[in-house]
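Student: Before I ask anything, here is the structure I am working with.
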Amino acid sequence: MHKIPVTVISGFLGAGKTTLVRHLLQNNQGRRIAVLVNEFGEVGIDGDLLRSCQVCDEDESLDSNIVELTNGCLCCTVQEEFYPVMQELLKRREQIDCLLIETSGLALPKPLIQAFRWPAIRNSATVDGVVTVVDCYALATGNLVGDIDALESQRQADPNLEHETPIEELFEDQLACADMVLLTKTDLVNAQQLAKIKTWLKQELQPGVKIVTASQGEIEPDLLLGFNAAVEDHLDRRHSHHDHEEEHEHDDDINSIELVLDRAFEPQALTDKLKKLLQEQEIYRVKGFVNVPNKSMRLVLQGVGNRFDTFYDRLWQPDEPKQTRLVLIGHNLDRNIVEKGILGDKILV
């Protein structure tokens, strides 16, 4: 029986991985796609966003970890359950043409790919390719990995990379493992900035790795699928910053805070409070759903750096609580400060 080709979608927090996966599901060209979402935090924002897109609908007859989509695809949310969920998916491999794994923004790609060397998995699945999604606007404005010129100067002065921040180490490893880099949010930068970022990225990537631009995750599926790279068989060629470390501890101080509130918020007031929190806490990413007063639709809120985006994705379901659910991811976040920042000044209505 054929091996299921697996495409790993890597990339930093807020780069646009979920938007990309949603577009692939909505434009699957007849492919039966399984999706694994490896989330950071317990609220399940990304998995819910995938299941709420136009082609998706839960089938309650399936296991709670595996959701049937109306286009014949499957969707899973994986935290510490990769192996058992893979085993369940492999039992259904006659129904699957390809598998997408959307990694957490804090995940190193190589340990995940190494799991495909396990005998119970490697005989049934192969890593077809790794696509690293990069937020072009974040790079251009110095968010997440720092200013391009400053970062390049640092690398030239320190060839051993001993003084990189944890975020820079993570970004380096995601690039080192890529078969393709997908640049998103390019409409927010000018031509000079885009050219500069492409030039810098080419210096960081393995020879032959292509850089492709995309808007709103819209890209031909044939560009992302079908690399036939068998990455697990050649992983040693993809050198990363942590290859010679027995244990990797880059994210020990990175934590998430989940808030589930039976309360409604005015979007602008909530965004203003979150921006103020950015000055007090080192927050990398904010995502979640907001209950807005007198609105029948659920508001999706996403924040990267100091930029916040919102949109209404669907009506609240009759049987679901109208809750505001937020996940904040950052460095040594203090729950008391976060809760006080969001709830303390009566932005609640």
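Chain lettering (A, B, ...) mirrors the order of the structure tokens, residue numbering begins at 1 for each chain separately, and ligand numbering begins at 1 in order of display.
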Within 8 Å of segment 190-202 of chain A, counting only C-alpha atoms, which residues qualify if same-chain residues fewer than 5 places away don't, as a ChimeraX atom specification?
Tutor: /A:136,139-140,148,211
Student: Given the choices A:Gly208, A:Gly226, A:Gly14, A:Pro111, which gets closest to Gly129 of chain A if the distance is worked out from only C-alpha atoms?
Tutor: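 Comparing A:Gly208, A:Gly226, A:Gly14, A:Pro111 against Gly129 of chain A, the winner is A:Gly226.
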Student: Any idea what's packed within 6 Å of segment 308-313 of chain A, counting only C-alpha atoms, ignoring anything in its chain fewer than 2 positions away? Could you give it as a PyMOL selection string?
Tutor: chain A and resi 298-303
Student: Using N, CA and C atoms, can you write the selected residues to a file as a tab-separated table (two decimals), in the first residue's frame?
Tutor:
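selection-v8.tsv was written with the following content:
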chain	number	residue	atom	x	y	z
A	298	ARG	N	-19.48	35.72	15.58
A	298	ARG	CA	-18.26	35.59	16.38
A	298	ARG	C	-17.13	36.39	15.72
A	299	LEU	N	-16.39	37.16	16.51
A	299	LEU	CA	-15.27	37.95	16.01
A	299	LEU	C	-13.97	37.18	16.23
A	300	VAL	N	-13.18	37.01	15.17
A	300	VAL	CA	-11.85	36.43	15.27
A	300	VAL	C	-10.85	37.56	15.46
A	301	LEU	N	-9.99	37.46	16.47
A	301	LEU	CA	-8.97	38.45	16.75
A	301	LEU	C	-7.60	37.79	16.66
A	302	GLN	N	-6.69	38.42	15.92
A	302	GLN	CA	-5.33	37.90	15.80
A	302	GLN	C	-4.35	39.06	15.91
A	303	GLY	N	-3.32	38.89	16.70
A	303	GLY	CA	-2.33	39.94	16.89
A	303	GLY	C	-0.92	39.42	16.76
Student: If you measure from atom CA of Thr126 of chain A to atom CA of Ala230 of chain A, what distance in Å do you get, rounded to one decimal?
Tutor: 5.8 Å
Student: Tell me which protein, DNA and RNA residues are within 9 Å of Gln29 of chain A, counting only C-alpha atoms, leaving out same-chain ones fewer than 4 positions away, and put them as a list in words.
Tutor: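 After dropping sequence-adjacent residues, the list is Leu24, Leu25 and Pro221 of chain A.
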Student: Would you mind exporting the chosen residues as an mmCIF file, in the first residue's frame, restricted to C-alpha atoms?
Tutor:
data_model
loop_
_atom_site.group_PDB
_atom_site.id
_atom_site.type_symbol
_atom_site.label_atom_id
_atom_site.label_comp_id
_atom_site.auth_asym_id
_atom_site.auth_seq_id
_atom_site.Cartn_x
_atom_site.Cartn_y
_atom_site.Cartn_z
ATOM 1 C CA LEU A 24 -5.834 24.370 0.561
ATOM 2 C CA LEU A 25 -8.920 22.722 2.040
ATOM 3 C CA PRO A 221 -1.861 23.380 -4.321
#
Student: Considering only C-alpha atoms, can you say which of A:Gln87, A:Thr141, A:Thr184, A:Asn332 comes closest to Ala214 of chain A?
Tutor: A:Thr184
Student: Nearest to Gln114 of chain A among A:Lys17, A:Lys275, A:His234, A:Lys340, with distances taken over only C-alpha atoms: which residue is it?
Tutor: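 That would be A:His234, the residue with the smallest distance to Gln114 of chain A.
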Student: Just checking: using only C-alpha atoms, which residue out of A:Arg117, A:Phe12, A:Val189, A:Val290 ends up closest to Glu168 of chain A?
Tutor: A:Phe12
Student: Excluding segment 121-123 of chain A and residues on its chain fewer than 3 positions from it, collect all residues at most 10 Å away from it, counting only C-alpha atoms, and give them as number ranges by chain.
Tutor: A: 1-4, 83, 86-87, 90, 114-118, 126-127, 232-233
Student: Based on the selection just made, write N, CA, C and O atoms of those residues as a JSON list (two decimals), in the first residue's frame.
Tutor:
[["chain", "number", "residue", "atom", "x", "y", "z"],
["A", 1, "MET", "N", 0.84, -1.19, 0.00],
["A", 1, "MET", "CA", 0.00, 0.00, 0.00],
["A", 1, "MET", "C", 0.88, 1.25, 0.00],
["A", 1, "MET", "O", 1.95, 1.26, 0.61],
["A", 2, "HIS", "N", 0.48, 2.30, -0.72],
["A", 2, "HIS", "CA", 1.29, 3.49, -0.89],
["A", 2, "HIS", "C", 1.49, 4.21, 0.44],
["A", 2, "HIS", "O", 0.66, 4.13, 1.35],
["A", 3, "LYS", "N", 2.60, 4.93, 0.53],
["A", 3, "LYS", "CA", 2.84, 5.77, 1.69],
["A", 3, "LYS", "C", 2.06, 7.08, 1.53],
["A", 3, "LYS", "O", 2.01, 7.66, 0.44],
["A", 4, "ILE", "N", 1.49, 7.55, 2.63],
["A", 4, "ILE", "CA", 0.80, 8.84, 2.59],
["A", 4, "ILE", "C", 1.85, 9.96, 2.55],
["A", 4, "ILE", "O", 2.72, 10.02, 3.41],
["A", 83, "TYR", "N", 1.65, 10.45, 18.17],
["A", 83, "TYR", "CA", 1.74, 9.05, 17.79],
["A", 83, "TYR", "C", 0.37, 8.36, 17.72],
["A", 83, "TYR", "O", 0.03, 7.76, 16.70],
["A", 86, "MET", "N", -1.62, 9.70, 14.73],
["A", 86, "MET", "CA", -1.07, 9.18, 13.46],
["A", 86, "MET", "C", -1.51, 7.75, 13.24],
["A", 86, "MET", "O", -1.87, 7.35, 12.12],
["A", 87, "GLN", "N", -1.50, 6.95, 14.30],
["A", 87, "GLN", "CA", -1.92, 5.56, 14.17],
["A", 87, "GLN", "C", -3.39, 5.46, 13.72],
["A", 87, "GLN", "O", -3.75, 4.63, 12.88],
["A", 90, "LEU", "N", -3.55, 6.44, 10.04],
["A", 90, "LEU", "CA", -2.99, 5.42, 9.16],
["A", 90, "LEU", "C", -3.96, 4.26, 8.95],
["A", 90, "LEU", "O", -3.92, 3.59, 7.92],
["A", 114, "GLN", "N", 11.69, 13.58, 12.57],
["A", 114, "GLN", "CA", 12.37, 12.38, 13.06],
["A", 114, "GLN", "C", 11.37, 11.30, 13.46],
["A", 114, "GLN", "O", 11.67, 10.10, 13.38],
["A", 115, "ALA", "N", 10.17, 11.72, 13.88],
["A", 115, "ALA", "CA", 9.15, 10.74, 14.26],
["A", 115, "ALA", "C", 8.74, 9.86, 13.08],
["A", 115, "ALA", "O", 8.25, 8.74, 13.27],
["A", 116, "PHE", "N", 8.94, 10.35, 11.86],
["A", 116, "PHE", "CA", 8.60, 9.57, 10.68],
["A", 116, "PHE", "C", 9.65, 8.50, 10.36],
["A", 116, "PHE", "O", 9.51, 7.77, 9.38],
["A", 117, "ARG", "N", 10.68, 8.42, 11.19],
["A", 117, "ARG", "CA", 11.64, 7.32, 11.10],
["A", 117, "ARG", "C", 11.21, 6.13, 11.95],
["A", 117, "ARG", "O", 11.79, 5.05, 11.84],
["A", 118, "TRP", "N", 10.21, 6.34, 12.83],
["A", 118, "TRP", "CA", 9.74, 5.23, 13.65],
["A", 118, "TRP", "C", 9.16, 4.16, 12.74],
["A", 118, "TRP", "O", 8.39, 4.45, 11.82],
["A", 126, "THR", "N", 5.41, 9.27, 4.57],
["A", 126, "THR", "CA", 6.69, 9.89, 4.28],
["A", 126, "THR", "C", 6.52, 11.41, 4.25],
["A", 126, "THR", "O", 5.46, 11.91, 3.82],
["A", 127, "VAL", "N", 7.52, 12.13, 4.72],
["A", 127, "VAL", "CA", 7.46, 13.59, 4.70],
["A", 127, "VAL", "C", 7.80, 14.06, 3.30],
["A", 127, "VAL", "O", 8.96, 14.05, 2.88],
["A", 232, "GLU", "N", 12.57, 12.59, 5.80],
["A", 232, "GLU", "CA", 13.06, 11.81, 6.94],
["A", 232, "GLU", "C", 14.31, 11.00, 6.60],
["A", 232, "GLU", "O", 15.12, 10.66, 7.48],
["A", 233, "ASP", "N", 14.50, 10.67, 5.32],
["A", 233, "ASP", "CA", 15.67, 9.88, 4.90],
["A", 233, "ASP", "C", 16.92, 10.73, 4.73],
["A", 233, "ASP", "O", 18.03, 10.19, 4.65]]
Student: Need the shell around Val133 of chain A: protein/DNA/RNA residues with any atom at most 7 Å away, counting only C-alpha atoms. Skip same-chain ones fewer than 5 positions apart. Format as a list of chain:residue names?
Tutor: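 Final neighbour list, sorted by chain and number: A:Ser10, A:Gly11, A:Ala15, A:Gly16, A:Lys17, A:Val181, A:Leu182, A:Leu183.
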Student: Those selected residues, please, written with C-alpha atoms and delivered as a PDB file, in the first residue's frame.
Tutor:
ATOM      1  CA  SER A  10       6.152  25.352   9.634  1.00  0.00           C
ATOM      2  CA  GLY A  11       6.534  29.009  10.498  1.00  0.00           C
ATOM      3  CA  ALA A  15       2.775  34.041   9.836  1.00  0.00           C
ATOM      4  CA  GLY A  16      -0.395  32.756   8.160  1.00  0.00           C
ATOM      5  CA  LYS A  17      -0.193  28.962   8.427  1.00  0.00           C
ATOM      6  CA  VAL A 181       9.627  29.405   1.897  1.00  0.00           C
ATOM      7  CA  LEU A 182       6.233  31.028   1.489  1.00  0.00           C
ATOM      8  CA  LEU A 183       6.337  34.793   2.035  1.00  0.00           C
TER       9      LEU A 183
END
Student: For Tyr137 of chain A, which residue among A:Leu100, A:Lys91, A:Leu108, A:Leu188 is the nearest when counting only C-alpha atoms?
Tutor: A:Leu188
Student: Could you pull out the alpha helix (DSSP H) residues of segment 195-300 of chain A from DSSP and send them as a list in words?
Tutor: Ala195, Lys196, Ile197, Lys198, Thr199, Trp200, Leu201, Lys202, Gln203, Glu204, Pro221, Asp222, Leu223, Leu224, Pro267, Gln268, Ala269, Leu270, Thr271, Asp272, Lys273, Leu274, Lys275, Lys276, Leu277 and Leu278 of chain A
Student: Fewer than 3 positions away in the same chain doesn't count, so skip those; otherwise give me all residues within 10 Å of Leu223 of chain A, counting only C-alpha atoms, as a PDB file with N, CA and C atoms, in the first residue's frame.
Tutor:
ATOM      1  N   MET A 180      10.622  24.837   0.782  1.00  0.00           N
ATOM      2  CA  MET A 180      10.120  26.049   0.161  1.00  0.00           C
ATOM      3  C   MET A 180       9.795  27.043   1.262  1.00  0.00           C
ATOM      4  N   VAL A 212       8.536  31.792  -2.492  1.00  0.00           N
ATOM      5  CA  VAL A 212       7.311  32.071  -3.227  1.00  0.00           C
ATOM      6  C   VAL A 212       6.473  33.040  -2.403  1.00  0.00           C
ATOM      7  N   ILE A 219      -2.551  30.106  -3.006  1.00  0.00           N
ATOM      8  CA  ILE A 219      -1.455  29.565  -3.801  1.00  0.00           C
ATOM      9  C   ILE A 219      -1.899  28.237  -4.398  1.00  0.00           C
ATOM     10  N   GLU A 220      -1.409  27.941  -5.578  1.00  0.00           N
ATOM     11  CA  GLU A 220      -1.775  26.697  -6.233  1.00  0.00           C
ATOM     12  C   GLU A 220      -1.338  25.497  -5.388  1.00  0.00           C
ATOM     13  N   GLY A 226       3.630  17.555  -3.365  1.00  0.00           N
ATOM     14  CA  GLY A 226       4.309  16.765  -4.387  1.00  0.00           C
ATOM     15  C   GLY A 226       5.793  17.037  -4.537  1.00  0.00           C
ATOM     16  N   PHE A 227       6.483  17.404  -3.449  1.00  0.00           N
ATOM     17  CA  PHE A 227       7.934  17.597  -3.509  1.00  0.00           C
ATOM     18  C   PHE A 227       8.682  16.263  -3.668  1.00  0.00           C
TER      19      PHE A 227
END
Student: Distance atom CA of Glu172 of chain A-atom CA of Val37 of chain A, one decimal place?
Tutor: 21.8 Å
